[in-house]
$ cat input-v4.cif   # mmCIF, N, CA and C atoms
data_run
loop_
_atom_site.label_atom_id
_atom_site.label_comp_id
_atom_site.auth_asym_id
_atom_site.auth_seq_id
_atom_site.Cartn_x
_atom_site.Cartn_y
_atom_site.Cartn_z
N MET A 16 137.11 90.42 101.50
CA MET A 16 136.02 89.57 101.95
C MET A 16 134.76 89.91 101.13
N HIS A 17 134.09 88.88 100.65
CA HIS A 17 132.90 89.05 99.84
C HIS A 17 131.63 88.88 100.67
N GLN A 18 130.64 89.67 100.29
CA GLN A 18 129.29 89.51 100.79
C GLN A 18 128.41 89.25 99.58
N ILE A 19 127.40 88.43 99.78
CA ILE A 19 126.47 88.16 98.69
C ILE A 19 125.08 88.51 99.18
N PHE A 20 124.34 89.21 98.33
CA PHE A 20 122.98 89.62 98.64
C PHE A 20 122.06 89.04 97.58
N ILE A 21 121.01 88.35 98.03
CA ILE A 21 120.07 87.69 97.13
C ILE A 21 118.67 88.25 97.34
N ILE A 22 118.03 88.62 96.24
CA ILE A 22 116.61 88.99 96.27
C ILE A 22 115.86 87.87 95.55
N PRO A 23 115.42 86.85 96.30
CA PRO A 23 114.80 85.68 95.68
C PRO A 23 113.37 85.90 95.23
N THR A 24 112.75 86.99 95.69
CA THR A 24 111.35 87.24 95.38
C THR A 24 111.16 88.10 94.14
N SER A 25 112.24 88.55 93.54
CA SER A 25 112.12 89.36 92.32
C SER A 25 112.10 88.45 91.10
N GLN A 26 111.60 88.98 90.01
CA GLN A 26 111.64 88.26 88.74
C GLN A 26 112.32 89.14 87.72
N PRO A 27 113.49 88.88 87.27
CA PRO A 27 114.30 87.71 87.61
C PRO A 27 114.92 87.85 89.01
N ILE A 28 115.45 86.75 89.51
CA ILE A 28 116.13 86.73 90.80
C ILE A 28 117.38 87.60 90.68
N LEU A 29 117.61 88.44 91.67
CA LEU A 29 118.77 89.33 91.65
C LEU A 29 119.80 88.89 92.68
N ILE A 30 121.07 88.90 92.28
CA ILE A 30 122.15 88.56 93.19
C ILE A 30 123.26 89.59 93.01
N GLY A 31 123.68 90.16 94.12
CA GLY A 31 124.78 91.11 94.10
C GLY A 31 125.98 90.52 94.81
N ILE A 32 127.14 90.68 94.20
CA ILE A 32 128.40 90.28 94.82
C ILE A 32 129.04 91.58 95.31
N TYR A 33 129.28 91.65 96.59
CA TYR A 33 129.83 92.85 97.19
C TYR A 33 131.21 92.56 97.76
N LYS A 34 132.09 93.51 97.61
CA LYS A 34 133.40 93.42 98.24
C LYS A 34 133.51 94.63 99.16
N ASP A 35 133.72 94.35 100.44
CA ASP A 35 133.73 95.42 101.45
C ASP A 35 132.45 96.26 101.35
N TYR A 36 131.33 95.58 101.11
CA TYR A 36 129.99 96.15 101.09
C TYR A 36 129.72 97.08 99.91
N LYS A 37 130.61 97.12 98.92
CA LYS A 37 130.38 97.88 97.69
C LYS A 37 130.09 96.89 96.57
N LEU A 38 129.08 97.20 95.76
CA LEU A 38 128.68 96.31 94.68
C LEU A 38 129.82 96.12 93.69
N GLU A 39 130.24 94.88 93.55
CA GLU A 39 131.31 94.53 92.61
C GLU A 39 130.74 94.01 91.31
N SER A 40 129.68 93.20 91.41
CA SER A 40 129.00 92.71 90.20
C SER A 40 127.56 92.34 90.55
N SER A 41 126.69 92.48 89.56
CA SER A 41 125.29 92.11 89.75
C SER A 41 124.91 91.05 88.73
N HIS A 42 124.00 90.19 89.14
CA HIS A 42 123.59 89.07 88.30
C HIS A 42 122.08 88.91 88.40
N SER A 43 121.48 88.50 87.31
CA SER A 43 120.06 88.15 87.33
C SER A 43 119.93 86.72 86.83
N LEU A 44 119.12 85.98 87.53
CA LEU A 44 118.90 84.57 87.18
C LEU A 44 117.48 84.46 86.64
N PRO A 45 117.33 84.29 85.33
CA PRO A 45 116.00 84.28 84.73
C PRO A 45 115.19 83.01 85.01
N SER A 46 115.85 81.93 85.37
CA SER A 46 115.11 80.70 85.63
C SER A 46 114.69 80.61 87.10
N GLN A 47 114.02 79.54 87.44
CA GLN A 47 113.51 79.34 88.79
C GLN A 47 114.65 79.27 89.81
N LEU A 48 114.38 79.77 91.00
CA LEU A 48 115.36 79.75 92.09
C LEU A 48 115.86 78.33 92.35
N SER A 49 114.95 77.37 92.32
CA SER A 49 115.31 75.97 92.61
C SER A 49 116.27 75.40 91.56
N GLU A 50 116.24 75.94 90.34
CA GLU A 50 117.11 75.44 89.27
C GLU A 50 118.39 76.25 89.13
N ALA A 51 118.37 77.51 89.51
CA ALA A 51 119.48 78.40 89.19
C ALA A 51 120.45 78.70 90.34
N LEU A 52 119.98 78.62 91.57
CA LEU A 52 120.79 79.09 92.69
C LEU A 52 122.04 78.24 92.93
N ILE A 53 121.90 76.95 93.00
CA ILE A 53 123.06 76.09 93.28
C ILE A 53 124.09 76.16 92.15
N PRO A 54 123.71 76.03 90.88
CA PRO A 54 124.72 76.18 89.83
C PRO A 54 125.43 77.55 89.87
N PHE A 55 124.70 78.59 90.22
CA PHE A 55 125.33 79.91 90.32
C PHE A 55 126.40 79.93 91.41
N PHE A 56 126.10 79.35 92.55
CA PHE A 56 127.06 79.34 93.66
C PHE A 56 128.23 78.40 93.39
N VAL A 57 127.99 77.33 92.65
CA VAL A 57 129.09 76.45 92.25
C VAL A 57 130.05 77.24 91.36
N LYS A 58 129.50 78.01 90.44
CA LYS A 58 130.32 78.84 89.55
C LYS A 58 131.12 79.87 90.37
N LEU A 59 130.48 80.48 91.35
CA LEU A 59 131.19 81.44 92.20
C LEU A 59 132.35 80.78 92.93
N LYS A 60 132.10 79.57 93.42
CA LYS A 60 133.15 78.87 94.16
C LYS A 60 134.35 78.57 93.26
N THR A 61 134.10 78.21 92.00
CA THR A 61 135.21 77.95 91.08
C THR A 61 136.00 79.23 90.79
N GLN A 62 135.37 80.38 91.00
CA GLN A 62 136.04 81.67 90.83
C GLN A 62 136.72 82.12 92.12
N GLY A 63 136.63 81.28 93.15
CA GLY A 63 137.24 81.61 94.43
C GLY A 63 136.42 82.52 95.31
N ILE A 64 135.14 82.67 94.99
CA ILE A 64 134.26 83.53 95.78
C ILE A 64 133.38 82.65 96.67
N VAL A 65 133.69 82.64 97.95
CA VAL A 65 132.88 81.95 98.95
C VAL A 65 132.51 83.01 99.98
N PRO A 66 131.22 83.32 100.09
CA PRO A 66 130.84 84.43 100.95
C PRO A 66 130.99 84.11 102.44
N LYS A 67 131.55 85.06 103.15
CA LYS A 67 131.58 84.95 104.61
C LYS A 67 130.24 85.40 105.16
N ASN A 68 129.63 86.37 104.48
CA ASN A 68 128.34 86.90 104.89
C ASN A 68 127.34 86.75 103.75
N LEU A 69 126.20 86.16 104.05
CA LEU A 69 125.14 85.99 103.07
C LEU A 69 123.93 86.80 103.53
N TYR A 70 123.50 87.73 102.70
CA TYR A 70 122.36 88.59 102.97
C TYR A 70 121.24 88.21 102.01
N PHE A 71 120.00 88.26 102.49
CA PHE A 71 118.90 87.94 101.60
C PHE A 71 117.60 88.56 102.07
N VAL A 72 116.65 88.65 101.14
CA VAL A 72 115.30 89.10 101.44
C VAL A 72 114.52 87.88 101.91
N ARG A 73 113.89 88.00 103.07
CA ARG A 73 113.16 86.87 103.65
C ARG A 73 111.65 86.99 103.45
N GLY A 74 111.22 87.98 102.69
CA GLY A 74 109.81 88.13 102.39
C GLY A 74 109.44 89.61 102.30
N PRO A 75 108.19 89.90 102.04
CA PRO A 75 107.16 88.95 101.63
C PRO A 75 107.33 88.56 100.17
N GLY A 76 106.63 87.51 99.80
CA GLY A 76 106.71 87.03 98.43
C GLY A 76 106.30 85.58 98.33
N SER A 77 106.75 84.95 97.29
CA SER A 77 106.42 83.56 97.00
C SER A 77 106.85 82.63 98.15
N PHE A 78 105.91 81.83 98.64
CA PHE A 78 106.23 80.87 99.70
C PHE A 78 107.39 79.98 99.29
N MET A 79 107.34 79.49 98.05
CA MET A 79 108.38 78.57 97.60
C MET A 79 109.75 79.25 97.59
N ALA A 80 109.82 80.46 97.08
CA ALA A 80 111.09 81.19 97.06
C ALA A 80 111.61 81.42 98.48
N LEU A 81 110.70 81.76 99.39
CA LEU A 81 111.11 82.02 100.77
C LEU A 81 111.62 80.75 101.45
N LYS A 82 110.96 79.64 101.20
CA LYS A 82 111.41 78.35 101.77
C LYS A 82 112.78 77.97 101.20
N LEU A 83 112.91 78.09 99.89
CA LEU A 83 114.16 77.69 99.24
C LEU A 83 115.35 78.55 99.68
N ILE A 84 115.16 79.86 99.77
CA ILE A 84 116.29 80.70 100.16
C ILE A 84 116.67 80.43 101.61
N TYR A 85 115.69 80.16 102.45
CA TYR A 85 115.98 79.85 103.85
C TYR A 85 116.79 78.55 103.95
N LEU A 86 116.34 77.51 103.26
CA LEU A 86 117.07 76.23 103.29
C LEU A 86 118.47 76.37 102.70
N PHE A 87 118.59 77.13 101.62
CA PHE A 87 119.90 77.34 101.01
C PHE A 87 120.82 78.09 101.97
N ALA A 88 120.29 79.14 102.59
CA ALA A 88 121.10 79.94 103.52
C ALA A 88 121.55 79.09 104.71
N LYS A 89 120.66 78.31 105.27
CA LYS A 89 121.03 77.45 106.41
C LYS A 89 122.08 76.44 105.99
N THR A 90 121.99 75.92 104.79
CA THR A 90 123.00 74.99 104.28
C THR A 90 124.35 75.68 104.16
N MET A 91 124.35 76.92 103.65
CA MET A 91 125.59 77.70 103.56
C MET A 91 126.19 77.95 104.94
N GLN A 92 125.32 78.20 105.90
CA GLN A 92 125.79 78.44 107.26
C GLN A 92 126.47 77.20 107.83
N ILE A 93 125.88 76.05 107.59
CA ILE A 93 126.42 74.80 108.12
C ILE A 93 127.66 74.34 107.37
N THR A 94 127.62 74.39 106.04
CA THR A 94 128.72 73.83 105.25
C THR A 94 129.87 74.80 104.99
N GLN A 95 129.57 76.10 104.92
CA GLN A 95 130.60 77.09 104.59
C GLN A 95 130.89 78.05 105.75
N ASN A 96 130.18 77.84 106.87
CA ASN A 96 130.34 78.70 108.04
C ASN A 96 130.03 80.17 107.71
N SER A 97 129.05 80.39 106.82
CA SER A 97 128.64 81.74 106.45
C SER A 97 127.76 82.34 107.54
N ASN A 98 127.90 83.64 107.72
CA ASN A 98 127.01 84.39 108.61
C ASN A 98 125.79 84.78 107.80
N LEU A 99 124.61 84.70 108.40
CA LEU A 99 123.37 84.96 107.68
C LEU A 99 122.66 86.20 108.22
N PHE A 100 122.15 87.01 107.30
CA PHE A 100 121.42 88.21 107.65
C PHE A 100 120.27 88.38 106.67
N ALA A 101 119.12 88.84 107.16
CA ALA A 101 117.96 88.97 106.28
C ALA A 101 117.15 90.21 106.63
N THR A 102 116.27 90.56 105.71
CA THR A 102 115.39 91.71 105.88
C THR A 102 114.18 91.54 104.96
N HIS A 103 113.27 92.52 104.99
CA HIS A 103 112.12 92.48 104.07
C HIS A 103 112.50 93.17 102.76
N GLY A 104 111.69 92.94 101.74
CA GLY A 104 112.02 93.42 100.41
C GLY A 104 111.69 94.87 100.11
N PHE A 105 110.93 95.53 100.98
CA PHE A 105 110.50 96.90 100.67
C PHE A 105 111.66 97.89 100.58
N TYR A 106 112.77 97.57 101.22
CA TYR A 106 113.94 98.46 101.14
C TYR A 106 114.51 98.51 99.72
N PHE A 107 114.23 97.52 98.93
CA PHE A 107 114.90 97.38 97.64
C PHE A 107 113.97 97.54 96.45
N ASN A 108 112.71 97.94 96.70
CA ASN A 108 111.79 98.23 95.60
C ASN A 108 111.09 99.57 95.80
N SER A 109 111.78 100.48 96.47
CA SER A 109 111.25 101.83 96.73
C SER A 109 109.92 101.80 97.47
N ASN A 110 109.77 100.83 98.36
CA ASN A 110 108.56 100.68 99.18
C ASN A 110 107.30 100.50 98.33
N SER A 111 107.47 99.85 97.20
CA SER A 111 106.37 99.57 96.28
C SER A 111 105.57 98.38 96.78
N PRO A 112 104.26 98.31 96.50
CA PRO A 112 103.49 97.11 96.86
C PRO A 112 104.12 95.86 96.24
N ILE A 113 103.96 94.75 96.95
CA ILE A 113 104.48 93.46 96.49
C ILE A 113 103.30 92.53 96.29
N LYS A 114 103.20 91.94 95.12
CA LYS A 114 102.07 91.07 94.76
C LYS A 114 101.93 89.92 95.75
N ALA A 115 100.70 89.69 96.22
CA ALA A 115 100.39 88.56 97.09
C ALA A 115 99.59 87.53 96.28
N TYR A 116 98.34 87.85 95.99
CA TYR A 116 97.48 86.98 95.17
C TYR A 116 96.30 87.82 94.70
N GLY A 117 95.72 87.42 93.57
CA GLY A 117 94.56 88.14 93.04
C GLY A 117 94.82 89.63 92.97
N ASN A 118 93.94 90.41 93.60
CA ASN A 118 94.08 91.87 93.65
C ASN A 118 94.73 92.32 94.96
N SER A 119 95.32 91.39 95.69
CA SER A 119 95.91 91.71 96.99
C SER A 119 97.42 91.87 96.87
N TYR A 120 97.92 92.84 97.62
CA TYR A 120 99.34 93.17 97.63
C TYR A 120 99.79 93.41 99.06
N PHE A 121 101.05 93.09 99.32
CA PHE A 121 101.65 93.43 100.59
C PHE A 121 102.10 94.89 100.50
N VAL A 122 101.85 95.65 101.56
CA VAL A 122 102.30 97.03 101.62
C VAL A 122 102.96 97.27 102.97
N LEU A 123 103.88 98.21 102.99
CA LEU A 123 104.54 98.60 104.23
C LEU A 123 104.06 99.99 104.59
N GLU A 124 103.32 100.07 105.71
CA GLU A 124 102.81 101.35 106.18
C GLU A 124 103.07 101.44 107.68
N ASN A 125 103.67 102.53 108.10
CA ASN A 125 103.98 102.74 109.51
C ASN A 125 104.77 101.58 110.11
N ASP A 126 105.79 101.11 109.37
CA ASP A 126 106.66 100.02 109.81
C ASP A 126 105.93 98.70 110.03
N GLU A 127 104.76 98.56 109.42
CA GLU A 127 104.00 97.31 109.54
C GLU A 127 103.63 96.82 108.14
N ILE A 128 103.85 95.53 107.90
CA ILE A 128 103.49 94.93 106.62
C ILE A 128 102.07 94.40 106.72
N THR A 129 101.21 94.87 105.81
CA THR A 129 99.83 94.43 105.80
C THR A 129 99.43 94.01 104.39
N LEU A 130 98.26 93.44 104.28
CA LEU A 130 97.71 93.03 103.00
C LEU A 130 96.65 94.04 102.60
N LYS A 131 96.70 94.50 101.35
CA LYS A 131 95.77 95.51 100.88
C LYS A 131 95.25 95.10 99.51
N SER A 132 93.95 95.27 99.29
CA SER A 132 93.35 94.97 97.99
C SER A 132 93.21 96.24 97.18
N TYR A 133 93.42 96.12 95.89
CA TYR A 133 93.31 97.25 94.96
C TYR A 133 92.31 96.89 93.88
N SER A 134 91.46 97.86 93.49
CA SER A 134 90.51 97.60 92.41
C SER A 134 91.23 97.59 91.06
N THR A 135 92.28 98.40 90.93
CA THR A 135 93.14 98.35 89.75
C THR A 135 94.57 98.13 90.25
N PRO A 136 95.36 97.38 89.52
CA PRO A 136 96.72 97.08 89.99
C PRO A 136 97.53 98.35 90.26
N PRO A 137 98.21 98.40 91.40
CA PRO A 137 99.04 99.57 91.71
C PRO A 137 100.32 99.56 90.89
N LYS A 138 100.97 100.71 90.83
CA LYS A 138 102.28 100.77 90.17
C LYS A 138 103.27 100.01 91.03
N ILE A 139 103.97 99.09 90.40
CA ILE A 139 104.97 98.30 91.11
C ILE A 139 106.34 98.66 90.56
N LYS A 140 107.23 99.01 91.44
CA LYS A 140 108.59 99.35 91.02
C LYS A 140 109.45 98.10 91.12
N PRO A 141 110.42 97.98 90.25
CA PRO A 141 111.28 96.79 90.27
C PRO A 141 112.24 96.82 91.46
N TYR A 142 112.68 95.64 91.84
CA TYR A 142 113.72 95.52 92.86
C TYR A 142 115.04 95.99 92.26
N ILE A 143 115.87 96.60 93.10
CA ILE A 143 117.17 97.10 92.66
C ILE A 143 118.21 96.71 93.70
N LEU A 144 119.34 96.22 93.23
CA LEU A 144 120.46 95.95 94.13
C LEU A 144 121.11 97.28 94.49
N PRO A 145 121.33 97.54 95.77
CA PRO A 145 121.97 98.81 96.15
C PRO A 145 123.45 98.81 95.77
N GLN A 146 123.98 99.99 95.52
CA GLN A 146 125.40 100.13 95.21
C GLN A 146 126.26 99.84 96.43
N ARG A 147 125.72 100.14 97.59
CA ARG A 147 126.41 99.87 98.85
C ARG A 147 125.44 99.10 99.75
N LEU A 148 125.88 97.98 100.27
CA LEU A 148 125.05 97.14 101.14
C LEU A 148 125.06 97.73 102.54
N ASP A 149 123.89 98.14 103.01
CA ASP A 149 123.75 98.76 104.32
C ASP A 149 123.42 97.67 105.36
N LYS A 150 124.40 97.32 106.16
CA LYS A 150 124.22 96.24 107.15
C LYS A 150 123.12 96.56 108.15
N SER A 151 122.86 97.84 108.39
CA SER A 151 121.87 98.21 109.42
C SER A 151 120.44 97.84 109.01
N LEU A 152 120.21 97.54 107.74
CA LEU A 152 118.86 97.15 107.28
C LEU A 152 118.56 95.68 107.58
N PHE A 153 119.58 94.92 107.95
CA PHE A 153 119.46 93.47 108.13
C PHE A 153 119.56 93.08 109.60
N THR A 154 118.96 91.93 109.91
CA THR A 154 119.08 91.36 111.25
C THR A 154 119.46 89.89 111.11
N GLU A 155 119.71 89.26 112.23
CA GLU A 155 120.01 87.83 112.23
C GLU A 155 118.73 86.99 112.26
N THR A 156 117.57 87.62 112.23
CA THR A 156 116.30 86.91 112.11
C THR A 156 116.15 86.52 110.65
N ILE A 157 116.27 85.23 110.39
CA ILE A 157 116.30 84.79 108.99
C ILE A 157 115.12 83.92 108.59
N ASN A 158 114.24 83.59 109.53
CA ASN A 158 113.08 82.75 109.20
C ASN A 158 112.26 83.43 108.11
N PRO A 159 111.68 82.63 107.22
CA PRO A 159 110.84 83.21 106.16
C PRO A 159 109.74 84.08 106.73
N LEU A 160 109.46 85.18 106.07
CA LEU A 160 108.44 86.11 106.48
C LEU A 160 107.13 85.71 105.80
N TYR A 161 106.43 84.75 106.43
CA TYR A 161 105.16 84.28 105.91
C TYR A 161 104.07 85.17 106.49
N LEU A 162 103.32 85.82 105.62
CA LEU A 162 102.29 86.73 106.10
C LEU A 162 100.88 86.26 105.78
N LEU A 163 100.77 85.27 104.94
CA LEU A 163 99.45 84.74 104.58
C LEU A 163 99.23 83.43 105.32
N PRO A 164 98.00 83.17 105.70
CA PRO A 164 97.72 81.88 106.33
C PRO A 164 97.83 80.75 105.31
N PRO A 165 98.20 79.53 105.75
CA PRO A 165 98.25 78.41 104.81
C PRO A 165 96.86 78.10 104.29
N VAL A 166 96.79 77.67 103.05
CA VAL A 166 95.49 77.36 102.42
C VAL A 166 95.12 75.94 102.71
#

$ encode --input "input-v4.cif" --output "structure tokens"
Amino acid sequence: MHQIFIIPTSQPILIGIYKDYKLESSHSLPSQLSEALIPFFVKLKTQGIVPKNLYFVRGPGSFMALKLIYLFAKTMQITQNSNLFATHGFYFNSNSPIKAYGNSYFVLENDEITLKSYSTPPKIKPYILPQRLDKSLFTETINPLYLLPPV
């Protein structure tokens, strides 16, 4: 049984194919999520890989990426009967700040995600796909994690 984990907020987009929760292959999609995600999954399907479980980062990050991954995941749930699980991105970037806008970054402190301004850009670590997918980091709460008010 395959599990697929998507980090839609990274650049490039990261996708891990897991078999029995162990990383089998990793992929990076250099183009936009809206252009690359569906062709990637079509290719997986031709290889006989249809995920029973779909895991993804639900935020924080780009509003567009969060909306798109949510809609894609819900479509997979309806059309492929996939189970959906999501979490925040700090688990996969060594708890590094995540760019919000301008000099503002999302940070995780004391289990709370807040917005923090920096006078000089902080060190940002890249997202990394784990070698083993830890189910305990994910929940069935899949709604996008919007932390900024709409403009």

$ closest_residue --input "input-v4.cif" --among "A:Ala80, A:Met16, A:Ile64, A:Leu38" --to "Asp149 (chain A)" --atoms "only C-alpha atoms"
A:Leu38

$ atom_distance --input "input-v4.cif" --atom1 "atom C of Ser43 (chain A)" --atom2 "CA of Lys58 (chain A)"
13.3 Å

$ residues_around --input "input-v4.cif" --residues "region 124-128 of chain A" --least-positions-apart "3" --cutoff "8 Å" --atoms "all atoms listed in the file" --output "list of chain:residue names"
A:Phe121, A:Lys131, A:Leu162

$ resolve_selection --input "input-v4.cif" --expression "the PyMOL selection byres ((chain A and resi 93-103) around 6)" --output "list of chain:residue names"
A:Pro66, A:Lys67, A:Asn68, A:Leu69, A:Tyr70, A:Phe71, A:Val72, A:Arg73, A:Gly74, A:Pro75, A:Lys89, A:Thr90, A:Met91, A:Gln92, A:Gly104, A:Phe105, A:Tyr106, A:Leu152, A:Phe153, A:Thr154, A:Glu155, A:Thr156, A:Ile157

$ closest_residue --input "input-v4.cif" --among "A:Pro159, A:Pro136, A:Pro27, A:Gly63" --to "Leu86 (chain A)" --atoms "only C-alpha atoms"
A:Pro159

$ atom_distance --input "input-v4.cif" --atom1 "CA of Pro137 (chain A)" --atom2 "CA of Pro112 (chain A)"
7.2 Å
